[in-house]
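> Please find start_8.cif (mmCIF, C-alpha atoms) on the next line:
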data_structure
#
loop_
_atom_site.group_PDB
_atom_site.id
_atom_site.type_symbol
_atom_site.label_atom_id
_atom_site.label_comp_id
_atom_site.auth_asym_id
_atom_site.auth_seq_id
_atom_site.Cartn_x
_atom_site.Cartn_y
_atom_site.Cartn_z
ATOM 1 C CA MET Q 1 -40.967 -14.156 -73.682
ATOM 2 C CA ASP Q 2 -37.813 -15.010 -71.756
ATOM 3 C CA LEU Q 3 -38.129 -18.725 -71.039
ATOM 4 C CA LYS Q 4 -35.292 -18.625 -68.486
ATOM 5 C CA LEU Q 5 -33.328 -21.262 -70.408
ATOM 6 C CA LYS Q 6 -30.072 -19.297 -70.560
ATOM 7 C CA GLY Q 7 -27.158 -21.584 -69.731
ATOM 8 C CA LYS Q 8 -29.340 -24.698 -69.480
ATOM 9 C CA VAL Q 9 -27.733 -27.807 -70.980
ATOM 10 C CA ILE Q 10 -30.241 -29.650 -73.171
ATOM 11 C CA ILE Q 11 -29.554 -32.919 -75.003
ATOM 12 C CA VAL Q 12 -31.315 -33.198 -78.373
ATOM 13 C CA THR Q 13 -31.114 -36.560 -80.144
ATOM 14 C CA GLY Q 14 -31.167 -36.332 -83.920
ATOM 15 C CA GLY Q 15 -30.536 -32.626 -83.599
ATOM 16 C CA SER Q 16 -28.518 -32.052 -86.756
ATOM 17 C CA LYS Q 17 -31.419 -31.936 -89.216
ATOM 18 C CA GLY Q 18 -35.169 -31.647 -89.631
ATOM 19 C CA ILE Q 19 -37.300 -31.301 -86.523
ATOM 20 C CA GLY Q 20 -34.282 -31.845 -84.277
ATOM 21 C CA LEU Q 21 -32.428 -28.951 -85.863
ATOM 22 C CA GLY Q 22 -35.514 -26.751 -85.482
ATOM 23 C CA ILE Q 23 -35.468 -27.572 -81.766
ATOM 24 C CA VAL Q 24 -31.754 -26.779 -81.497
ATOM 25 C CA GLU Q 25 -32.257 -23.421 -83.228
ATOM 26 C CA SER Q 26 -35.105 -22.500 -80.865
ATOM 27 C CA LEU Q 27 -32.956 -23.399 -77.851
ATOM 28 C CA ILE Q 28 -30.113 -21.253 -79.189
ATOM 29 C CA ARG Q 29 -32.461 -18.301 -79.498
ATOM 30 C CA GLU Q 30 -33.300 -18.788 -75.831
ATOM 31 C CA GLU Q 31 -29.541 -18.849 -75.022
ATOM 32 C CA ALA Q 32 -29.662 -22.449 -73.836
ATOM 33 C CA ILE Q 33 -26.783 -24.862 -74.506
ATOM 34 C CA PRO Q 34 -28.087 -27.589 -76.824
ATOM 35 C CA VAL Q 35 -25.957 -30.696 -77.252
ATOM 36 C CA ILE Q 36 -26.698 -32.712 -80.379
ATOM 37 C CA ILE Q 37 -26.535 -36.514 -80.219
ATOM 38 C CA THR Q 38 -26.385 -38.123 -83.651
ATOM 39 C CA ARG Q 39 -24.730 -40.907 -85.620
ATOM 40 C CA ASN Q 40 -24.419 -38.696 -88.692
ATOM 41 C CA LYS Q 41 -21.038 -36.990 -88.495
ATOM 42 C CA ALA Q 42 -21.341 -35.346 -91.904
ATOM 43 C CA SER Q 43 -24.599 -33.578 -91.080
ATOM 44 C CA VAL Q 44 -23.538 -32.488 -87.599
ATOM 45 C CA ASP Q 45 -20.215 -31.156 -88.896
ATOM 46 C CA GLU Q 46 -22.097 -29.133 -91.512
ATOM 47 C CA VAL Q 47 -24.498 -27.744 -88.910
ATOM 48 C CA THR Q 48 -21.804 -26.844 -86.390
ATOM 49 C CA GLU Q 49 -19.839 -25.040 -89.103
ATOM 50 C CA VAL Q 50 -22.896 -22.935 -89.902
ATOM 51 C CA PHE Q 51 -23.303 -22.075 -86.230
ATOM 52 C CA LYS Q 52 -19.597 -21.366 -85.862
ATOM 53 C CA ALA Q 53 -19.845 -18.787 -88.644
ATOM 54 C CA GLN Q 54 -22.466 -17.073 -86.477
ATOM 55 C CA GLY Q 55 -20.106 -17.068 -83.494
ATOM 56 C CA LEU Q 56 -21.832 -20.014 -81.804
ATOM 57 C CA ASP Q 57 -19.988 -23.045 -80.476
ATOM 58 C CA ILE Q 58 -22.386 -25.997 -80.523
ATOM 59 C CA SER Q 59 -21.202 -29.263 -79.047
ATOM 60 C CA TYR Q 60 -22.241 -32.757 -80.041
ATOM 61 C CA ALA Q 61 -21.572 -36.419 -79.394
ATOM 62 C CA LEU Q 62 -21.634 -39.201 -81.969
ATOM 63 C CA ALA Q 63 -23.652 -42.268 -81.046
ATOM 64 C CA GLU Q 64 -25.517 -45.091 -82.706
ATOM 65 C CA LEU Q 65 -28.609 -44.904 -80.531
ATOM 66 C CA THR Q 66 -29.552 -48.549 -81.064
ATOM 67 C CA ASP Q 67 -26.402 -49.416 -79.056
ATOM 68 C CA PRO Q 68 -26.963 -49.063 -75.271
ATOM 69 C CA GLU Q 69 -23.267 -48.531 -74.557
ATOM 70 C CA GLN Q 70 -23.039 -45.697 -77.062
ATOM 71 C CA CYS Q 71 -26.104 -44.045 -75.486
ATOM 72 C CA LYS Q 72 -24.434 -44.294 -72.081
ATOM 73 C CA ASN Q 73 -21.155 -42.905 -73.384
ATOM 74 C CA ALA Q 74 -22.896 -40.011 -75.156
ATOM 75 C CA VAL Q 75 -24.637 -38.931 -71.954
ATOM 76 C CA GLN Q 76 -21.403 -39.260 -69.998
ATOM 77 C CA SER Q 77 -19.565 -37.092 -72.530
ATOM 78 C CA VAL Q 78 -22.147 -34.335 -72.012
ATOM 79 C CA VAL Q 79 -21.660 -34.492 -68.254
ATOM 80 C CA GLU Q 80 -17.874 -34.466 -68.611
ATOM 81 C CA LYS Q 81 -17.942 -31.399 -70.867
ATOM 82 C CA HIS Q 82 -20.748 -29.357 -69.299
ATOM 83 C CA GLY Q 83 -21.004 -30.710 -65.760
ATOM 84 C CA ARG Q 84 -24.789 -30.987 -65.825
ATOM 85 C CA ILE Q 85 -27.902 -31.910 -67.799
ATOM 86 C CA ASP Q 86 -31.009 -29.745 -67.478
ATOM 87 C CA GLY Q 87 -33.170 -31.283 -70.164
ATOM 88 C CA LEU Q 88 -33.508 -34.159 -72.611
ATOM 89 C CA VAL Q 89 -35.320 -34.064 -75.933
ATOM 90 C CA ASN Q 90 -35.833 -37.543 -77.366
ATOM 91 C CA ASN Q 91 -36.351 -36.847 -81.045
ATOM 92 C CA ALA Q 92 -34.353 -39.244 -83.242
ATOM 93 C CA GLY Q 93 -36.297 -41.823 -85.243
ATOM 94 C CA VAL Q 94 -37.480 -42.816 -88.688
ATOM 95 C CA ASN Q 95 -40.776 -43.837 -90.255
ATOM 96 C CA ASP Q 96 -39.258 -46.984 -91.708
ATOM 97 C CA GLY Q 97 -42.267 -48.707 -93.270
ATOM 98 C CA ILE Q 98 -42.083 -51.982 -91.360
ATOM 99 C CA GLY Q 99 -45.636 -53.195 -91.933
ATOM 100 C CA LEU Q 100 -47.660 -56.203 -90.829
ATOM 101 C CA GLU Q 101 -48.263 -57.952 -94.140
ATOM 102 C CA ASN Q 102 -44.870 -57.296 -95.675
ATOM 103 C CA GLY Q 103 -42.756 -56.998 -92.533
ATOM 104 C CA ASP Q 104 -41.080 -59.613 -90.366
ATOM 105 C CA TYR Q 105 -39.938 -60.154 -86.793
ATOM 106 C CA GLU Q 106 -36.407 -58.887 -87.357
ATOM 107 C CA GLY Q 107 -37.576 -55.734 -89.082
ATOM 108 C CA PHE Q 108 -40.201 -55.027 -86.422
ATOM 109 C CA MET Q 109 -37.748 -55.433 -83.558
ATOM 110 C CA SER Q 110 -35.193 -53.298 -85.373
ATOM 111 C CA SER Q 111 -37.817 -50.568 -85.827
ATOM 112 C CA LEU Q 112 -38.562 -50.568 -82.108
ATOM 113 C CA LYS Q 113 -34.850 -50.156 -81.382
ATOM 114 C CA ARG Q 114 -34.563 -47.297 -83.884
ATOM 115 C CA ASN Q 115 -37.632 -45.488 -82.621
ATOM 116 C CA VAL Q 116 -38.457 -46.094 -78.967
ATOM 117 C CA VAL Q 117 -35.874 -48.202 -77.122
ATOM 118 C CA HIS Q 118 -33.283 -45.406 -77.188
ATOM 119 C CA TYR Q 119 -35.879 -43.025 -75.713
ATOM 120 C CA TYR Q 120 -35.744 -45.257 -72.633
ATOM 121 C CA LEU Q 121 -31.955 -45.590 -72.733
ATOM 122 C CA MET Q 122 -31.263 -41.872 -73.014
ATOM 123 C CA ALA Q 123 -33.699 -41.043 -70.206
ATOM 124 C CA HIS Q 124 -32.259 -43.813 -68.022
ATOM 125 C CA TYR Q 125 -28.679 -42.628 -68.407
ATOM 126 C CA ALA Q 126 -29.531 -38.924 -68.107
ATOM 127 C CA LEU Q 127 -31.720 -39.419 -65.029
ATOM 128 C CA PRO Q 128 -29.051 -38.968 -62.323
ATOM 129 C CA GLU Q 129 -28.227 -35.503 -63.679
ATOM 130 C CA LEU Q 130 -31.868 -34.602 -64.286
ATOM 131 C CA LYS Q 131 -32.599 -35.433 -60.642
ATOM 132 C CA LYS Q 132 -29.910 -32.962 -59.576
ATOM 133 C CA SER Q 133 -31.217 -30.186 -61.828
ATOM 134 C CA LYS Q 134 -34.941 -31.012 -61.487
ATOM 135 C CA GLY Q 135 -34.890 -30.959 -65.253
ATOM 136 C CA ALA Q 136 -37.431 -31.872 -67.893
ATOM 137 C CA ILE Q 137 -37.894 -34.456 -70.631
ATOM 138 C CA VAL Q 138 -39.723 -33.894 -73.902
ATOM 139 C CA ASN Q 139 -40.464 -36.890 -76.116
ATOM 140 C CA ILE Q 140 -41.209 -36.150 -79.770
ATOM 141 C CA GLY Q 141 -43.973 -38.363 -81.131
ATOM 142 C CA SER Q 142 -46.070 -38.857 -84.240
ATOM 143 C CA LYS Q 143 -49.772 -38.843 -85.084
ATOM 144 C CA THR Q 144 -49.388 -42.447 -86.296
ATOM 145 C CA ALA Q 145 -50.024 -43.651 -82.729
ATOM 146 C CA ASP Q 146 -53.494 -42.028 -82.924
ATOM 147 C CA THR Q 147 -54.477 -42.228 -86.562
ATOM 148 C CA GLY Q 148 -52.599 -45.200 -87.940
ATOM 149 C CA GLN Q 149 -50.969 -44.884 -91.333
ATOM 150 C CA GLY Q 150 -50.827 -48.336 -92.874
ATOM 151 C CA GLY Q 151 -47.669 -50.283 -93.623
ATOM 152 C CA THR Q 152 -45.687 -48.959 -90.670
ATOM 153 C CA SER Q 153 -46.376 -51.207 -87.668
ATOM 154 C CA GLY Q 154 -42.952 -50.694 -86.119
ATOM 155 C CA TYR Q 155 -43.132 -46.909 -86.213
ATOM 156 C CA ALA Q 156 -46.760 -46.772 -85.045
ATOM 157 C CA ALA Q 157 -46.045 -49.136 -82.145
ATOM 158 C CA SER Q 158 -42.977 -47.093 -81.217
ATOM 159 C CA ASN Q 159 -45.004 -43.903 -81.092
ATOM 160 C CA GLY Q 160 -47.659 -45.556 -78.960
ATOM 161 C CA GLY Q 161 -44.792 -46.568 -76.693
ATOM 162 C CA ARG Q 162 -43.423 -43.009 -76.623
ATOM 163 C CA ASN Q 163 -46.822 -41.738 -75.475
ATOM 164 C CA ALA Q 164 -47.147 -44.415 -72.808
ATOM 165 C CA LEU Q 165 -43.615 -43.816 -71.523
ATOM 166 C CA THR Q 166 -44.345 -40.098 -71.283
ATOM 167 C CA ARG Q 167 -47.217 -40.753 -68.904
ATOM 168 C CA GLU Q 168 -45.342 -43.494 -67.029
ATOM 169 C CA TRP Q 169 -42.231 -41.386 -66.475
ATOM 170 C CA ALA Q 170 -44.302 -38.369 -65.472
ATOM 171 C CA VAL Q 171 -45.686 -40.483 -62.616
ATOM 172 C CA GLU Q 172 -42.404 -42.166 -61.651
ATOM 173 C CA LEU Q 173 -40.443 -38.921 -61.606
ATOM 174 C CA LEU Q 174 -42.913 -36.836 -59.591
ATOM 175 C CA PRO Q 175 -40.809 -37.195 -56.399
ATOM 176 C CA TYR Q 176 -37.892 -35.515 -58.200
ATOM 177 C CA SER Q 177 -39.929 -32.651 -59.705
ATOM 178 C CA ILE Q 178 -38.892 -33.833 -63.168
ATOM 179 C CA ARG Q 179 -41.573 -33.003 -65.718
ATOM 180 C CA VAL Q 180 -42.146 -35.255 -68.728
ATOM 181 C CA ASN Q 181 -44.252 -34.278 -71.725
ATOM 182 C CA ALA Q 182 -44.616 -35.319 -75.348
ATOM 183 C CA LEU Q 183 -44.999 -33.167 -78.431
ATOM 184 C CA ILE Q 184 -46.904 -34.933 -81.197
ATOM 185 C CA VAL Q 185 -46.137 -34.036 -84.801
ATOM 186 C CA ALA Q 186 -48.387 -34.643 -87.804
ATOM 187 C CA GLU Q 187 -47.277 -33.012 -91.075
ATOM 188 C CA CYS Q 188 -44.022 -31.078 -90.625
ATOM 189 C CA TYR Q 189 -41.975 -30.091 -93.648
ATOM 190 C CA THR Q 190 -38.415 -31.347 -93.198
ATOM 191 C CA PRO Q 191 -35.680 -32.573 -95.573
ATOM 192 C CA LEU Q 192 -36.840 -36.144 -94.876
ATOM 193 C CA TYR Q 193 -40.406 -35.164 -95.779
ATOM 194 C CA GLU Q 194 -39.099 -33.466 -98.919
ATOM 195 C CA LYS Q 195 -37.301 -36.685 -99.848
ATOM 196 C CA TRP Q 196 -40.502 -38.682 -99.408
ATOM 197 C CA ILE Q 197 -42.719 -36.257 -101.302
ATOM 198 C CA SER Q 198 -40.201 -36.252 -104.154
ATOM 199 C CA THR Q 199 -40.866 -39.953 -104.770
ATOM 200 C CA PHE Q 200 -44.246 -39.033 -106.305
ATOM 201 C CA PRO Q 201 -44.507 -38.206 -110.031
ATOM 202 C CA ASP Q 202 -46.136 -34.842 -109.281
ATOM 203 C CA LYS Q 203 -44.896 -33.856 -105.849
ATOM 204 C CA GLU Q 204 -46.662 -30.479 -105.863
ATOM 205 C CA GLU Q 205 -50.002 -32.164 -106.497
ATOM 206 C CA LYS Q 206 -49.321 -34.685 -103.725
ATOM 207 C CA LEU Q 207 -48.299 -31.921 -101.323
ATOM 208 C CA ALA Q 208 -51.451 -29.930 -102.097
ATOM 209 C CA ALA Q 209 -53.576 -33.019 -101.449
ATOM 210 C CA ILE Q 210 -52.023 -33.299 -97.989
ATOM 211 C CA THR Q 211 -52.075 -29.658 -96.962
ATOM 212 C CA LYS Q 212 -55.722 -29.220 -97.895
ATOM 213 C CA ASN Q 213 -56.511 -31.613 -95.026
ATOM 214 C CA ILE Q 214 -54.586 -29.619 -92.421
ATOM 215 C CA PRO Q 215 -57.392 -27.571 -90.826
ATOM 216 C CA LEU Q 216 -55.438 -24.529 -89.635
ATOM 217 C CA GLU Q 217 -54.378 -22.479 -92.660
ATOM 218 C CA ASN Q 218 -54.003 -25.562 -94.886
ATOM 219 C CA ARG Q 219 -50.247 -25.609 -94.423
ATOM 220 C CA MET Q 220 -47.476 -27.727 -92.967
ATOM 221 C CA THR Q 221 -46.184 -27.215 -89.453
ATOM 222 C CA SER Q 222 -42.680 -25.721 -89.482
ATOM 223 C CA PRO Q 223 -39.698 -27.110 -87.526
ATOM 224 C CA GLU Q 224 -39.484 -23.699 -85.842
ATOM 225 C CA GLU Q 225 -43.029 -24.061 -84.489
ATOM 226 C CA ILE Q 226 -42.114 -27.462 -83.089
ATOM 227 C CA GLY Q 227 -38.869 -26.098 -81.645
ATOM 228 C CA ASP Q 228 -40.489 -23.133 -79.921
ATOM 229 C CA THR Q 229 -43.068 -25.370 -78.243
ATOM 230 C CA VAL Q 230 -40.369 -27.785 -77.083
ATOM 231 C CA ALA Q 231 -38.447 -24.857 -75.591
ATOM 232 C CA PHE Q 232 -41.590 -23.845 -73.681
ATOM 233 C CA LEU Q 233 -42.087 -27.378 -72.364
ATOM 234 C CA LEU Q 234 -38.480 -27.477 -71.166
ATOM 235 C CA SER Q 235 -38.770 -24.136 -69.429
ATOM 236 C CA SER Q 236 -40.016 -23.038 -66.029
ATOM 237 C CA LYS Q 237 -42.836 -21.234 -67.833
ATOM 238 C CA SER Q 238 -44.518 -24.650 -68.057
ATOM 239 C CA SER Q 239 -43.614 -25.523 -64.463
ATOM 240 C CA HIS Q 240 -46.924 -27.260 -63.636
ATOM 241 C CA THR Q 241 -47.289 -29.157 -66.901
ATOM 242 C CA THR Q 242 -46.396 -32.850 -66.900
ATOM 243 C CA GLY Q 243 -47.675 -36.073 -68.425
ATOM 244 C CA GLN Q 244 -49.206 -34.217 -71.362
ATOM 245 C CA LEU Q 245 -49.339 -35.119 -75.039
ATOM 246 C CA LEU Q 246 -49.316 -31.776 -76.850
ATOM 247 C CA TYR Q 247 -50.334 -31.818 -80.510
ATOM 248 C CA VAL Q 248 -48.624 -29.151 -82.617
ATOM 249 C CA ASP Q 249 -50.257 -30.070 -85.904
ATOM 250 C CA GLY Q 250 -52.663 -27.372 -87.061
ATOM 251 C CA GLY Q 251 -55.551 -29.512 -85.833
ATOM 252 C CA TYR Q 252 -54.701 -32.381 -88.181
ATOM 253 C CA THR Q 253 -55.133 -35.220 -85.693
ATOM 254 C CA HIS Q 254 -58.315 -34.208 -83.913
ATOM 255 C CA LEU Q 255 -60.308 -31.670 -85.903
ATOM 256 C CA ASP Q 256 -62.849 -32.687 -88.508
ATOM 257 C CA ARG Q 257 -60.948 -32.379 -91.771
ATOM 258 C CA SER Q 258 -64.185 -32.011 -93.728
ATOM 259 C CA ILE Q 259 -64.192 -28.371 -92.582
#
Give the structure from this file in structure tokens form.


Amino acid sequence: MDLKLKGKVIIVTGGSKGIGLGIVESLIREEAIPVIITRNKASVDEVTEVFKAQGLDISYALAELTDPEQCKNAVQSVVEKHGRIDGLVNNAGVNDGIGLENGDYEGFMSSLKRNVVHYYLMAHYALPELKKSKGAIVNIGSKTADTGQGGTSGYAASNGGRNALTREWAVELLPYSIRVNALIVAECYTPLYEKWISTFPDKEEKLAAITKNIPLENRMTSPEEIGDTVAFLLSSKSSHTTGQLLYVDGGYTHLDRSI
């Protein structure tokens, strides 16, 4: 399916690895122009070199997303280089384990800044261009807002906030024909997930214990599956879809796992 994304300029935060990179790769296949926003120069340099070897010139901007001024400057750099913004994918974040019992105020507030505050900042600064293009926003979220996880109050609260902002912005931006949706992830196999699973003595056993509870095919979601759905949500093929929380998780969040 041609999603009509050719030439569309799409910002992807945290787009140099994991789910973000899967989104970037899907956008490239649709001939869009993804722009990666990241603080990790080493990873984005590595990724852009790989793309360059394929004859693709991928642009990026470096920004510490907990800093409002750097968010503003990153958006401005995209406008200066490309002259427009057609879409924003808020993806960057980290499940940082800031819990209730063992956390503290500073850690909780820091987690909110790492995981939800920059979603607001990036959308705020990109909005003037999105109004011109009648663009779209996709917020990447996590099942933790629905299921809980334990020991990660900051991340869970941030994801609840991402969901609420998705609905709020969908309403506020109706007059501009800007669509806002969220894609909710459960178990997606990324380098960060690999790092976590490797902390267990028998990582294969731990992985099997998780995948057996994923109803559809007892397997992890792939970054490509996330990326392809994000591309659809950004495209005119989903032109009457807004304010939705779309779960791409093999049924993990809502289906009875006893099946």

> Quick one: pull the distance between atom CA of Q:Lys41 and atom CA of Q:Gly83, Å, one decimal.

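These atoms are spaced 23.6 Å apart.
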
> Would you write out, as a list in words, every residue that the PyMOL selection byres ((chain Q and resi 181) around 7) captures in this file?

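When the PyMOL selection byres ((chain Q and resi 181) around 7) is applied to the shown file, the picked residues are Ile137, Val138, Asn139, Thr166, Arg179, Val180, Ala182, Leu183, Thr242, Gly243, Gln244 and Leu245 of chain Q.
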
> Using all atoms listed in the file, list the residues that have an atom at most 12 Å from (-44.9, -25.9, -62.5), coordinates as in the file, as a VMD selection string.

chain Q and resid 134 to 136 174 177 to 180 232 to 242

> Under the rule that only C-alpha atoms are counted, which of Q:Met122, Q:Ser110, Q:Leu27, Q:Asp104 is the nearest residue to Q:Cys71?

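Among the listed residues, the smallest separation from Q:Cys71 belongs to Q:Met122.
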
> Under the rule that all atoms listed in the file are counted, which of Q:Val9, Q:Ala92, Q:Val35, Q:Leu127 is the nearest residue to Q:Thr66?

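Among the listed residues, the smallest separation from Q:Thr66 belongs to Q:Ala92.
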
> Do you know which residues are at most 9 Å from Q:Thr48 counting only C-alpha atoms, after dropping those on the same chain fewer than 4 positions away, and could you put them as a list of chain:residue names?

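Listing them by chain and then by number gives Q:Ser16, Q:Ser43, Q:Val44, Q:Lys52, Q:Ala53, Q:Leu56, Q:Asp57, Q:Ile58, Q:Ser59, Q:Tyr60.
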
> Rank nothing, just name the residue among Q:Arg84, Q:Lys195, Q:Lys6, Q:Arg39 nearest to Q:Arg114, using all atoms listed in the file.

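Comparing Q:Arg84, Q:Lys195, Q:Lys6, Q:Arg39 against Q:Arg114, the winner is Q:Arg39.
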
> So which residues touch Q:Pro68 within 12 Å, counting all atoms listed in the file, skipping near sequence neighbours fewer than 6 positions away, as a list in words?

Ala74, Val75, Lys113, Arg114, Val117, His118, Tyr119, Tyr120, Leu121, Met122, Ala123, His124 and Tyr125 of chain Q

> Expanded to explicit residues, what is the PyMOL selection byres ((chain Q and resi 33) around 7) for this file, as a ChimeraX atom specification?

/Q:7-10,28,31-32,34-35

> Would you please work out which residue, of Q:Ala61, Q:Gly150, Q:Glu224, Q:Ile184, is nearest to Q:Glu80 when using only C-alpha atoms?

Q:Ala61

> Using only C-alpha atoms, which protein or nucleic acid residues come within 10 Å of Q:Pro215? Drop anything in the same chain fewer than 5 positions from it, and give the result as an NGL selection string.

:Q and (249-259)

> Which value, in Å to one decimal, gives the distance between atom CA of Q:Val79 and atom CA of Q:Asp67?

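We find that atom CA of Q:Val79 and atom CA of Q:Asp67 lie 19.0 Å from each other.
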
> Excluding same-chain residues fewer than 5 positions from Q:Asp96, what lies within 9 Å of it counting all atoms listed in the file, as a CSV table (one decimal) with C-alpha atoms, in the coordinates of the input?


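File produced: selection26.csv:
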chain,number,residue,atom,x,y,z
Q,111,SER,CA,-37.8,-50.6,-85.8
Q,152,THR,CA,-45.7,-49.0,-90.7
Q,154,GLY,CA,-43.0,-50.7,-86.1
Q,155,TYR,CA,-43.1,-46.9,-86.2

> Could you tell me how far atom CA of Q:Val230 sits from atom CA of Q:Asp2, in Å to one decimal place?

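About the pair atom CA of Q:Asp2 and atom CA of Q:Val230: they are 14.1 Å apart.
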
> Counting all atoms listed in the file, note down every residue that has an atom within 10 Å of the point (-52.5, -24.9, -89.8) (file coordinates), as a short mmCIF file (atom, residue, chain, number, x, y, z; two decimals) with C-alpha atoms, in the frame of the given file.


data_model
loop_
_atom_site.label_atom_id
_atom_site.label_comp_id
_atom_site.auth_asym_id
_atom_site.auth_seq_id
_atom_site.Cartn_x
_atom_site.Cartn_y
_atom_site.Cartn_z
CA GLU Q 187 -47.28 -33.01 -91.08
CA THR Q 211 -52.08 -29.66 -96.96
CA LYS Q 212 -55.72 -29.22 -97.90
CA ASN Q 213 -56.51 -31.61 -95.03
CA ILE Q 214 -54.59 -29.62 -92.42
CA PRO Q 215 -57.39 -27.57 -90.83
CA LEU Q 216 -55.44 -24.53 -89.64
CA GLU Q 217 -54.38 -22.48 -92.66
CA ASN Q 218 -54.00 -25.56 -94.89
CA ARG Q 219 -50.25 -25.61 -94.42
CA MET Q 220 -47.48 -27.73 -92.97
CA THR Q 221 -46.18 -27.22 -89.45
CA SER Q 222 -42.68 -25.72 -89.48
CA VAL Q 248 -48.62 -29.15 -82.62
CA ASP Q 249 -50.26 -30.07 -85.90
CA GLY Q 250 -52.66 -27.37 -87.06
CA GLY Q 251 -55.55 -29.51 -85.83
CA TYR Q 252 -54.70 -32.38 -88.18
#

> Restricting the calculation to only C-alpha atoms: of Q:Leu112, Q:Ile11, Q:Ala231, Q:Val78, which residue gets closest to Q:Ser153?

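Among the listed residues, the smallest separation from Q:Ser153 belongs to Q:Leu112.
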